[in-house]
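Trainee: My file is input_22.cif. It has mmCIF, C-alpha atoms:
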```
data_run
loop_
_atom_site.label_atom_id
_atom_site.label_comp_id
_atom_site.auth_asym_id
_atom_site.auth_seq_id
_atom_site.Cartn_x
_atom_site.Cartn_y
_atom_site.Cartn_z
CA MET J 138 105.05 144.72 91.46
CA GLY J 139 104.27 147.52 89.04
CA ASP J 140 101.22 147.68 86.85
CA LEU J 141 102.24 146.53 83.37
CA ILE J 142 99.76 148.81 81.68
CA LYS J 143 100.25 151.89 83.81
CA ASP J 144 104.03 151.65 83.70
CA MET J 145 104.54 150.88 80.04
CA ALA J 146 107.81 152.33 78.74
CA ALA J 147 107.73 155.41 76.54
CA PHE J 148 109.47 153.48 73.80
CA HIS J 149 106.69 150.91 73.68
CA LEU J 150 104.07 153.64 73.66
CA ASP J 151 105.79 155.08 70.57
CA VAL J 152 105.62 151.71 68.85
CA LEU J 153 101.87 151.55 69.54
CA LYS J 154 101.49 155.07 68.20
CA GLU J 155 103.12 154.02 64.94
CA ILE J 156 100.84 151.00 64.64
CA SER J 157 97.82 153.20 65.23
CA ASN J 158 98.99 155.67 62.56
CA ILE J 159 99.17 152.84 60.04
CA GLY J 160 95.67 151.64 60.89
CA SER J 161 94.07 155.06 60.84
CA GLY J 162 95.89 156.01 57.64
CA HIS J 163 94.16 153.15 55.86
CA ALA J 164 90.82 153.99 57.42
CA ALA J 165 91.19 157.64 56.37
CA THR J 166 91.79 156.54 52.78
CA ALA J 167 88.70 154.34 52.90
CA LEU J 168 86.55 157.19 54.23
CA SER J 169 87.97 159.58 51.67
CA GLN J 170 86.93 157.19 48.88
CA MET J 171 83.43 156.88 50.29
CA LEU J 172 82.93 160.62 50.69
CA GLY J 173 84.87 161.74 47.64
CA LYS J 174 86.51 164.34 49.88
CA ARG J 175 89.84 164.81 51.52
CA VAL J 176 90.18 163.16 54.91
CA ASP J 177 93.01 164.14 57.22
CA MET J 178 94.45 162.00 59.94
CA GLN J 179 95.97 163.35 63.11
CA VAL J 180 99.04 161.78 64.64
CA SER J 181 97.75 159.18 67.09
CA ARG J 182 97.81 159.69 70.82
CA VAL J 183 98.80 156.81 73.02
CA MET J 184 98.72 157.00 76.79
CA PRO J 185 97.93 154.89 79.81
CA MET J 186 94.80 156.27 81.45
CA PRO J 187 92.69 155.36 84.45
CA PHE J 188 89.18 154.27 83.38
CA ASP J 189 87.52 157.49 84.53
CA GLU J 190 89.90 159.65 82.53
CA ILE J 191 88.99 157.71 79.41
CA THR J 192 85.37 158.78 79.70
CA GLU J 193 86.46 162.35 80.48
CA TYR J 194 88.59 162.20 77.35
CA VAL J 195 85.51 161.65 75.18
CA GLY J 196 83.62 164.56 76.73
CA GLY J 197 82.43 163.02 79.99
CA ALA J 198 80.61 159.83 81.00
CA GLU J 199 77.19 161.22 80.02
CA ASN J 200 78.23 162.62 76.64
CA LEU J 201 76.06 161.22 73.84
CA ILE J 202 78.20 159.32 71.33
CA THR J 203 77.69 157.06 68.35
CA SER J 204 79.88 154.03 68.54
CA VAL J 205 80.63 150.91 66.55
CA PHE J 206 82.17 148.25 68.72
CA LEU J 207 83.91 145.10 67.70
CA ARG J 208 86.12 142.53 69.31
CA PHE J 209 89.03 140.92 67.50
CA GLU J 210 90.35 137.44 68.12
CA GLY J 211 93.35 135.60 66.77
CA ASP J 212 97.06 135.95 67.52
CA ILE J 213 96.25 139.08 69.45
CA THR J 214 92.90 139.91 71.03
CA GLY J 215 91.17 143.05 72.15
CA ASN J 216 88.39 145.55 71.58
CA MET J 217 87.95 148.37 69.16
CA PHE J 218 85.62 151.35 69.06
CA PHE J 219 84.91 153.72 66.21
CA ILE J 220 83.37 156.81 67.79
CA VAL J 221 81.74 159.92 66.38
CA ASP J 222 79.62 162.38 68.27
CA LYS J 223 75.94 162.81 67.42
CA GLU J 224 76.33 165.91 65.21
CA ASP J 225 79.16 164.36 63.22
CA ALA J 226 77.20 161.13 62.80
CA GLU J 227 74.24 163.12 61.41
CA SER J 228 76.53 164.90 59.01
CA LEU J 229 78.09 161.60 57.85
CA VAL J 230 74.66 160.13 57.14
CA GLN J 231 73.72 163.26 55.21
CA ASP J 232 76.86 163.14 53.06
CA LEU J 233 76.86 159.42 52.39
CA ALA J 234 73.17 158.69 51.93
CA GLY J 235 71.51 162.09 51.57
CA ILE J 236 69.37 161.47 54.64
CA GLN J 237 68.51 164.51 56.70
CA VAL J 238 68.42 163.44 60.32
CA GLU J 239 66.10 165.23 62.69
CA GLY J 240 66.06 163.96 66.24
CA ASP J 241 66.57 160.21 66.46
CA PHE J 242 68.26 158.23 63.70
CA CYS J 243 65.93 156.28 61.43
CA GLU J 244 66.57 152.60 60.56
CA MET J 245 68.23 153.58 57.29
CA SER J 246 70.61 156.06 58.84
CA LEU J 247 71.52 153.56 61.56
CA SER J 248 72.50 151.01 58.94
CA VAL J 249 74.56 153.64 57.11
CA LEU J 250 76.45 154.38 60.34
CA GLN J 251 76.86 150.68 61.05
CA GLU J 252 78.27 150.13 57.56
CA VAL J 253 80.68 153.09 57.79
CA GLY J 254 81.90 151.77 61.13
CA ASN J 255 82.35 148.28 59.69
CA ILE J 256 84.32 149.46 56.69
CA LEU J 257 86.55 151.85 58.61
CA SER J 258 87.35 149.57 61.53
CA GLY J 259 87.84 146.71 59.08
CA SER J 260 90.39 148.65 57.06
CA TYR J 261 92.14 149.79 60.26
CA LEU J 262 92.46 146.23 61.53
CA THR J 263 93.48 144.76 58.17
CA ALA J 264 96.33 147.26 57.93
CA LEU J 265 97.41 146.36 61.45
CA ALA J 266 97.28 142.63 60.79
CA ASP J 267 99.31 143.04 57.60
CA PHE J 268 101.92 145.20 59.28
CA THR J 269 102.40 142.97 62.30
CA ALA J 270 101.92 139.73 60.30
CA MET J 271 99.51 138.61 63.00
CA GLU J 272 96.04 137.27 62.65
CA MET J 273 93.30 139.59 63.89
CA LYS J 274 89.82 138.34 63.12
CA PRO J 275 87.13 140.93 63.83
CA THR J 276 83.78 139.81 65.23
CA VAL J 277 80.60 141.24 63.68
CA PRO J 278 80.54 144.90 64.76
CA SER J 279 77.65 146.32 66.73
CA LEU J 280 76.33 149.89 66.74
CA ALA J 281 75.02 151.76 69.75
CA ILE J 282 74.21 155.39 70.52
CA ASP J 283 74.29 156.24 74.18
CA MET J 284 76.30 157.73 77.05
CA ALA J 285 80.07 157.49 76.51
CA GLY J 286 80.64 155.99 79.95
CA ALA J 287 78.07 153.25 79.40
CA LEU J 288 79.51 152.28 76.01
CA LEU J 289 83.23 152.55 76.74
CA SER J 290 83.12 150.77 80.08
CA TYR J 291 81.80 147.70 78.24
CA GLY J 292 85.02 147.60 76.24
CA LEU J 293 87.09 147.92 79.41
CA THR J 294 85.71 144.92 81.29
CA GLU J 295 88.30 142.50 79.92
CA ILE J 296 91.15 144.89 80.79
CA GLY J 297 89.52 145.43 84.18
CA LYS J 298 90.50 141.91 85.19
CA SER J 299 94.17 142.93 85.09
CA SER J 300 94.31 146.66 85.70
CA ASP J 301 92.53 149.89 86.54
CA TYR J 302 94.31 151.47 83.61
CA ALA J 303 93.97 151.03 79.88
CA ILE J 304 96.37 152.03 77.15
CA MET J 305 94.32 154.48 75.16
CA ILE J 306 95.36 154.22 71.53
CA ASP J 307 93.45 157.04 69.91
CA ALA J 308 93.53 157.81 66.20
CA GLU J 309 91.56 160.76 64.92
CA ILE J 310 90.45 161.28 61.34
CA GLN J 311 88.74 164.35 60.06
CA ALA J 312 86.77 164.80 56.86
CA GLU J 313 87.25 167.99 54.91
CA GLY J 314 85.38 171.22 55.39
CA MET J 315 81.70 170.97 54.62
CA GLY J 316 80.60 169.97 58.10
CA HIS J 317 79.56 172.23 60.92
CA VAL J 318 81.95 174.03 63.22
CA ARG J 319 82.11 171.94 66.32
CA LYS J 320 81.90 173.06 69.91
CA ASP J 321 85.66 172.66 70.27
CA GLY J 322 86.20 175.04 67.35
CA LYS J 323 87.32 172.34 64.92
CA LYS J 324 85.71 172.19 61.52
CA GLY J 325 84.33 169.11 59.88
CA LYS J 326 83.60 165.59 60.93
CA THR J 327 85.89 163.93 63.37
CA GLY J 328 85.99 160.25 64.10
CA HIS J 329 88.05 158.40 66.66
CA PHE J 330 89.37 154.87 66.66
CA PHE J 331 90.07 153.52 70.11
CA LEU J 332 92.11 150.37 70.11
CA LEU J 333 92.06 148.51 73.42
CA PRO J 334 94.18 145.36 73.20
CA ASP J 335 93.80 142.82 76.00
CA PRO J 336 96.76 143.20 78.38
CA GLU J 337 98.28 139.85 77.34
CA SER J 338 98.42 141.02 73.73
CA PHE J 339 100.93 143.85 74.17
CA GLU J 340 103.85 141.50 74.70
CA LYS J 341 102.87 139.56 71.57
CA VAL J 342 102.76 142.72 69.48
CA PHE J 343 106.17 143.83 70.69
CA LEU J 344 107.56 140.35 70.10
CA ALA J 345 106.16 140.27 66.56
CA LEU J 346 107.78 143.61 65.79
CA GLY J 347 111.07 142.64 67.44
CA VAL J 348 110.97 145.40 70.04
CA HIS J 349 110.34 143.38 73.19
CA GLN J 350 113.91 143.90 74.43
CA TYR J 351 113.60 147.63 74.80
CA GLY J 352 112.24 149.61 77.67
CA GLY J 353 113.33 147.36 80.51
CA HIS J 354 109.98 145.72 81.31
CA MET P 44 75.33 170.33 100.07
CA ALA P 45 77.77 168.45 97.89
CA VAL P 46 77.29 165.90 95.14
CA ILE P 47 79.71 163.06 95.75
CA LYS P 48 80.83 161.44 92.51
CA VAL P 49 81.73 157.79 92.31
CA GLY P 50 83.83 156.71 89.30
CA ILE P 51 84.08 153.40 87.44
CA ALA P 52 85.17 150.57 89.75
CA ASP P 53 84.95 152.92 92.70
CA LEU P 54 82.86 153.31 95.86
CA ASN P 55 82.13 155.99 98.44
CA VAL P 56 79.80 156.99 101.26
CA ALA P 57 77.76 160.14 101.83
CA ALA P 58 75.62 161.61 104.61
CA TYR P 59 72.72 164.07 104.60
CA PRO P 60 72.54 166.68 103.06
CA ASP P 61 74.99 165.47 100.41
CA THR P 62 73.88 163.32 97.49
CA ILE P 63 75.90 160.56 95.88
CA THR P 64 76.00 159.81 92.16
CA THR P 65 77.65 157.76 89.44
CA LEU P 66 77.46 158.53 85.72
CA GLY P 67 77.08 156.41 82.62
CA LEU P 68 76.43 152.92 83.95
CA GLY P 69 76.34 150.45 81.09
CA SER P 70 77.00 146.80 81.85
CA CYS P 71 78.30 147.99 85.23
CA VAL P 72 75.88 147.97 88.17
CA GLY P 73 75.44 150.83 90.60
CA VAL P 74 74.44 149.54 94.04
CA THR P 75 73.26 152.03 96.64
CA LEU P 76 72.90 151.26 100.35
CA TYR P 77 70.98 153.47 102.74
CA ASP P 78 70.29 153.70 106.46
CA SER P 79 67.15 155.84 106.79
CA THR P 80 67.70 156.77 110.47
CA THR P 81 71.24 158.13 110.23
CA LYS P 82 70.70 159.15 106.58
CA ILE P 83 74.05 157.60 105.69
CA ALA P 84 74.34 156.25 102.16
CA GLY P 85 76.87 154.35 100.10
CA LEU P 86 77.32 153.70 96.41
CA ALA P 87 79.47 151.18 94.55
CA HIS P 88 80.04 151.22 90.78
CA VAL P 89 80.64 147.52 90.19
CA MET P 90 82.36 146.51 86.95
CA LEU P 91 82.81 142.74 87.26
CA PRO P 92 80.97 139.99 89.14
CA SER P 93 83.68 138.23 91.07
CA THR P 94 87.22 138.65 92.41
CA GLU P 95 87.83 135.20 90.96
CA LEU P 96 88.17 136.96 87.60
CA SER P 97 91.01 139.16 88.85
CA LYS P 98 94.42 138.48 87.38
CA THR P 99 96.30 140.67 89.83
CA ALA P 100 97.62 140.07 93.34
CA VAL P 101 96.30 143.34 94.70
CA VAL P 102 92.57 143.67 94.11
CA ASN P 103 90.67 146.93 93.76
CA LYS P 104 87.76 145.89 96.01
CA ALA P 105 85.35 148.39 94.49
CA LYS P 106 85.59 146.74 91.09
CA PHE P 107 84.02 143.38 91.93
CA ALA P 108 80.54 142.67 93.32
CA ASP P 109 81.70 140.13 95.90
CA SER P 110 84.32 142.46 97.40
CA ALA P 111 82.71 145.88 96.81
CA LEU P 112 79.55 145.36 98.86
CA PRO P 113 81.16 144.10 102.11
CA GLU P 114 83.68 146.95 101.82
CA LEU P 115 80.90 149.49 101.29
CA VAL P 116 78.98 148.22 104.33
CA ASP P 117 82.16 148.49 106.44
CA ARG P 118 82.67 152.06 105.35
CA MET P 119 79.07 152.93 106.24
CA LEU P 120 79.26 151.30 109.65
CA LYS P 121 82.41 153.29 110.41
CA LYS P 122 80.42 156.42 109.61
CA GLY P 123 77.72 155.39 112.08
CA ALA P 124 75.20 153.45 109.99
CA VAL P 125 73.51 150.44 111.60
CA ALA P 126 73.74 147.18 109.65
CA ARG P 127 70.20 145.88 110.27
CA ARG P 128 68.69 149.13 108.96
CA ILE P 129 70.59 149.14 105.66
CA LYS P 130 68.48 148.66 102.53
CA ALA P 131 69.73 148.38 98.95
CA LYS P 132 68.68 149.69 95.56
CA MET P 133 70.43 149.08 92.29
CA ALA P 134 70.49 150.06 88.63
CA GLY P 135 72.49 149.23 85.51
CA GLY P 136 73.60 145.88 84.16
CA ALA P 137 72.53 146.68 80.60
CA GLN P 138 73.64 144.98 77.44
CA MET P 139 74.94 147.95 75.47
CA PHE P 140 75.82 146.18 72.23
CA GLN P 141 73.74 143.48 70.55
CA PHE P 142 75.61 140.70 68.79
CA LYS P 143 74.06 138.48 66.16
CA ASP P 144 76.52 135.66 66.78
CA SER P 145 76.04 135.58 70.54
CA THR P 146 76.84 132.14 71.90
CA GLY P 147 74.00 132.11 74.39
CA GLN P 148 76.41 133.07 77.15
CA LYS P 149 74.99 135.47 79.70
CA SER P 150 75.97 139.09 79.14
CA ILE P 151 78.40 140.71 81.54
CA GLY P 152 75.54 143.00 82.61
CA ASP P 153 73.36 140.05 83.64
CA ARG P 154 76.25 138.43 85.47
CA ASN P 155 76.91 141.67 87.34
CA ILE P 156 73.25 141.93 88.38
CA GLU P 157 73.21 138.35 89.67
CA ALA P 158 76.48 138.76 91.52
CA CYS P 159 75.31 141.96 93.23
CA LYS P 160 72.09 140.26 94.34
CA MET P 161 74.06 137.30 95.65
CA ALA P 162 76.44 139.59 97.57
CA LEU P 163 73.48 141.43 99.12
CA ARG P 164 71.87 138.13 100.18
CA LYS P 165 75.12 137.06 101.82
CA LEU P 166 75.18 140.31 103.76
CA GLY P 167 71.49 139.96 104.68
CA ILE P 168 70.63 143.30 103.06
CA PRO P 169 67.17 143.54 101.46
CA LEU P 170 66.99 144.80 97.88
CA VAL P 171 64.00 147.16 97.91
CA ALA P 172 64.11 148.55 94.37
CA GLU P 173 65.90 147.97 91.08
CA ASP P 174 66.04 149.29 87.54
CA VAL P 175 68.29 146.86 85.72
CA GLY P 176 68.91 145.25 82.33
CA GLY P 177 67.78 146.65 79.00
CA ASN P 178 70.15 148.06 76.41
CA TYR P 179 70.74 151.63 77.52
CA GLY P 180 73.07 153.57 79.79
CA ARG P 181 72.00 155.05 83.13
CA THR P 182 73.12 157.77 85.51
CA ILE P 183 71.99 157.40 89.11
CA GLU P 184 71.84 159.75 92.09
CA LEU P 185 70.81 158.83 95.62
CA PHE P 186 69.21 161.52 97.76
CA THR P 187 70.20 161.04 101.38
CA GLU P 188 67.20 162.84 102.85
CA THR P 189 64.76 160.16 101.70
CA GLY P 190 66.84 157.37 100.19
CA MET P 191 65.15 158.02 96.86
CA LEU P 192 67.20 156.86 93.86
CA GLU P 193 66.92 158.88 90.68
CA VAL P 194 67.68 157.03 87.42
CA ARG P 195 68.36 159.07 84.30
CA ALA P 196 68.80 157.75 80.75
CA ILE P 197 69.08 159.39 77.35
CA SER P 198 65.67 160.07 75.73
CA LYS P 199 63.80 158.36 78.57
CA ASP P 200 61.78 159.83 81.42
CA ILE P 201 63.52 160.22 84.76
CA LYS P 202 62.62 157.40 87.15
CA HIS P 203 62.46 157.59 90.90
CA ILE P 204 62.77 154.27 92.65
#
```
Before anything else, please render the file you have as structure tokens.
Mentor:
Amino acid sequence: MGDLIKDMAAFHLDVLKEISNIGSGHAATALSQMLGKRVDMQVSRVMPMPFDEITEYVGGAENLITSVFLRFEGDITGNMFFIVDKEDAESLVQDLAGIQVEGDFCEMSLSVLQEVGNILSGSYLTALADFTAMEMKPTVPSLAIDMAGALLSYGLTEIGKSSDYAIMIDAEIQAEGMGHVRKDGKKGKTGHFFLLPDPESFEKVFLALGVHQYGGH
Amino acid sequence: MAVIKVGIADLNVAAYPDTITTLGLGSCVGVTLYDSTTKIAGLAHVMLPSTELSKTAVVNKAKFADSALPELVDRMLKKGAVARRIKAKMAGGAQMFQFKDSTGQKSIGDRNIEACKMALRKLGIPLVAEDVGGNYGRTIELFTETGMLEVRAISKDIKHI
């Protein structure tokens, strides 16, 4: 028997990519309104990945990241992360609240980050729920700043019961100019939304969108 | 000398002079086993407490506490370790995210810690040191010369246990 997650058909991956684009498009608009700047969204990337590759994908298991995590329940269930690296998080706090961060984040800047994460992941999920006509109720999001491996693996435990792979649904948004030039040469602030539906939810999404017949699984 | 890396839901063994490490433990628990005479060590990066949670027919033994530790001991014995000399250390099992509406259910980190301790008891392996719980991620490295376990976390001092 094949692994449902690992062997997902290319067609279905494309459908997930489209869903992710819709979610991140709405989130980009929300961020743009908050910042009063242009925010670009990249076309989403969707791929089955072994757990270790997921942490490599975000710069390695020990890479310091800022992450808002929430779980959604309802017709479909799963986990969601909004991730920015430390420098980008500092720059967001500066732009939104005028707080200059030196070293650790203060209480105020943490609540700014928490709020940004709440608004953006909320608008992403609302767009998804509207598009699929499925109920997705987010739990209260939680903020943590720590090693990528430690944070992401928490969101993989549910999937871990069924597979050693997760479908990484990654949407990237990038705020205009003003930020620093990052290590990877990109300019500006980049945020990632990782959507990690529970394995049982994929079938429901495809059914809701009328695409469950395709792909031969 | 090599540094042997163990991934998420993975296990491996090492012998002197190599060291063995796993990065970014959150709610997962890293269990190290060590035979001080042969200087053979093992490390499992446990993700879930019990194979009862598995929804698949074929189980990745390294992922669950109850299957990972017996498997790790087997691998060490095959390398020449002696069962009665094996001692355990562990780290991890944190609660990375705090939730206001928590239902009083034990966190996955706590459940992993308990399950690893239970699996060690079943195997008759003494747990000689631990650095578990809390709300932060950990990287661990076991040095096979002494069996010393180094625990590293962001903006915290390095611990040797």
Trainee: Where does the PyMOL selection byres ((chain P) within 8 of (chain J)) land in this file, that is, which residues does it pick, as a list in words?
Mentor: Gly50, Ile51, Leu66, Gly67, Leu68, Gly69, Ser70, Cys71, Met90, Leu91, Leu96, Ser97, Lys98, Thr99, Met139, Phe140, Gln141, Phe142, Lys143, Asp144, Tyr179, Gly180, Arg181, Thr182 and Ile197 of chain P
Trainee: Applying the PyMOL selection byres ((chain P and resi 116) around 10) to the file I just gave you, which residues come out? Please list them as a list of chain:residue names.
Mentor: P:Val56, P:Leu76, P:Tyr77, P:Ala84, P:Gly85, P:Leu86, P:Ala111, P:Leu112, P:Pro113, P:Glu114, P:Leu115, P:Asp117, P:Arg118, P:Met119, P:Leu120, P:Lys121, P:Lys122, P:Ala124, P:Val125, P:Ala126, P:Ile129, P:Leu166, P:Ile168
Trainee: What is the atom CA of P:Gly167 to atom CA of P:Ala52 distance in Å?
Mentor: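 Those two atoms sit 22.9 Å apart.
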Trainee: Applying the PyMOL selection byres ((chain P and resi 157) around 12) to the file I just gave you, which residues come out? Please list them as a VMD selection string.
Mentor: chain P and resid 71 to 72 89 91 to 93 108 to 109 133 135 to 136 149 to 156 158 to 164 175 to 176
Trainee: Counting only C-alpha atoms, which of J:Glu224, J:Asp267, J:Glu313, J:Asp335 gets nearest to J:Ile142?
Mentor: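 Among the listed residues, J:Asp335 lies closest to J:Ile142.
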Trainee: Enter the distance from atom CA of J:Met245 to atom CA of J:His163, in Å, rounded to one decimal.
Mentor: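 It comes out at 26.0 Å.
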Trainee: Provide the atom CA of J:Ile306 to atom CA of J:Ala164 distance in Å, to one decimal place.
Mentor: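 Interatomic distance here is 14.8 Å.
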Trainee: Show which residues sit within 7 Å of P:Gly190, as a list in words. Count all atoms listed in the file, and ignore same-chain residues fewer than 3 positions away.
Mentor: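 That gives Tyr77, Ser79, Leu185, Phe186 and Thr187 of chain P.
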Trainee: Let me make sure I understand: among J:Asp151, J:Asp212, J:Glu244, J:Glu337, which one has the smallest atom-to-atom distance to J:Ala270 if we use only C-alpha atoms?
Mentor: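 So, comparing all the options, the nearest one is J:Asp212.
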Trainee: Can you pull out every residue within 8 Å of stretch 170-185 of chain J, counting all atoms listed in the file, but drop anything in the same chain fewer than 3 positions away, and send it as number ranges by chain?
Mentor: J: 142-145, 150-151, 153-155, 157-158, 161-162, 165-167, 232-233, 302-313
Trainee: Give me the box for stretch 184-190 of chain J as JSON, namely the centre and edge lengths in Å to one decimal of a box along x, y and z that holds every listed atom plus 3 Å on each side.
Mentor:
```
{"center_x": 93.1, "center_y": 157.0, "center_z": 80.7, "size_x": 17.2, "size_y": 11.4, "size_z": 13.7}
```
Trainee: Need the shell around P:Leu192: protein/DNA/RNA residues with any atom at most 8 Å away, counting all atoms listed in the file. Skip same-chain ones fewer than 3 positions apart. Format as a list in words?
Mentor: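 The residues that qualify are Lys132, Ile183, Glu184, Leu185, Phe186, His203 and Ile204 of chain P.
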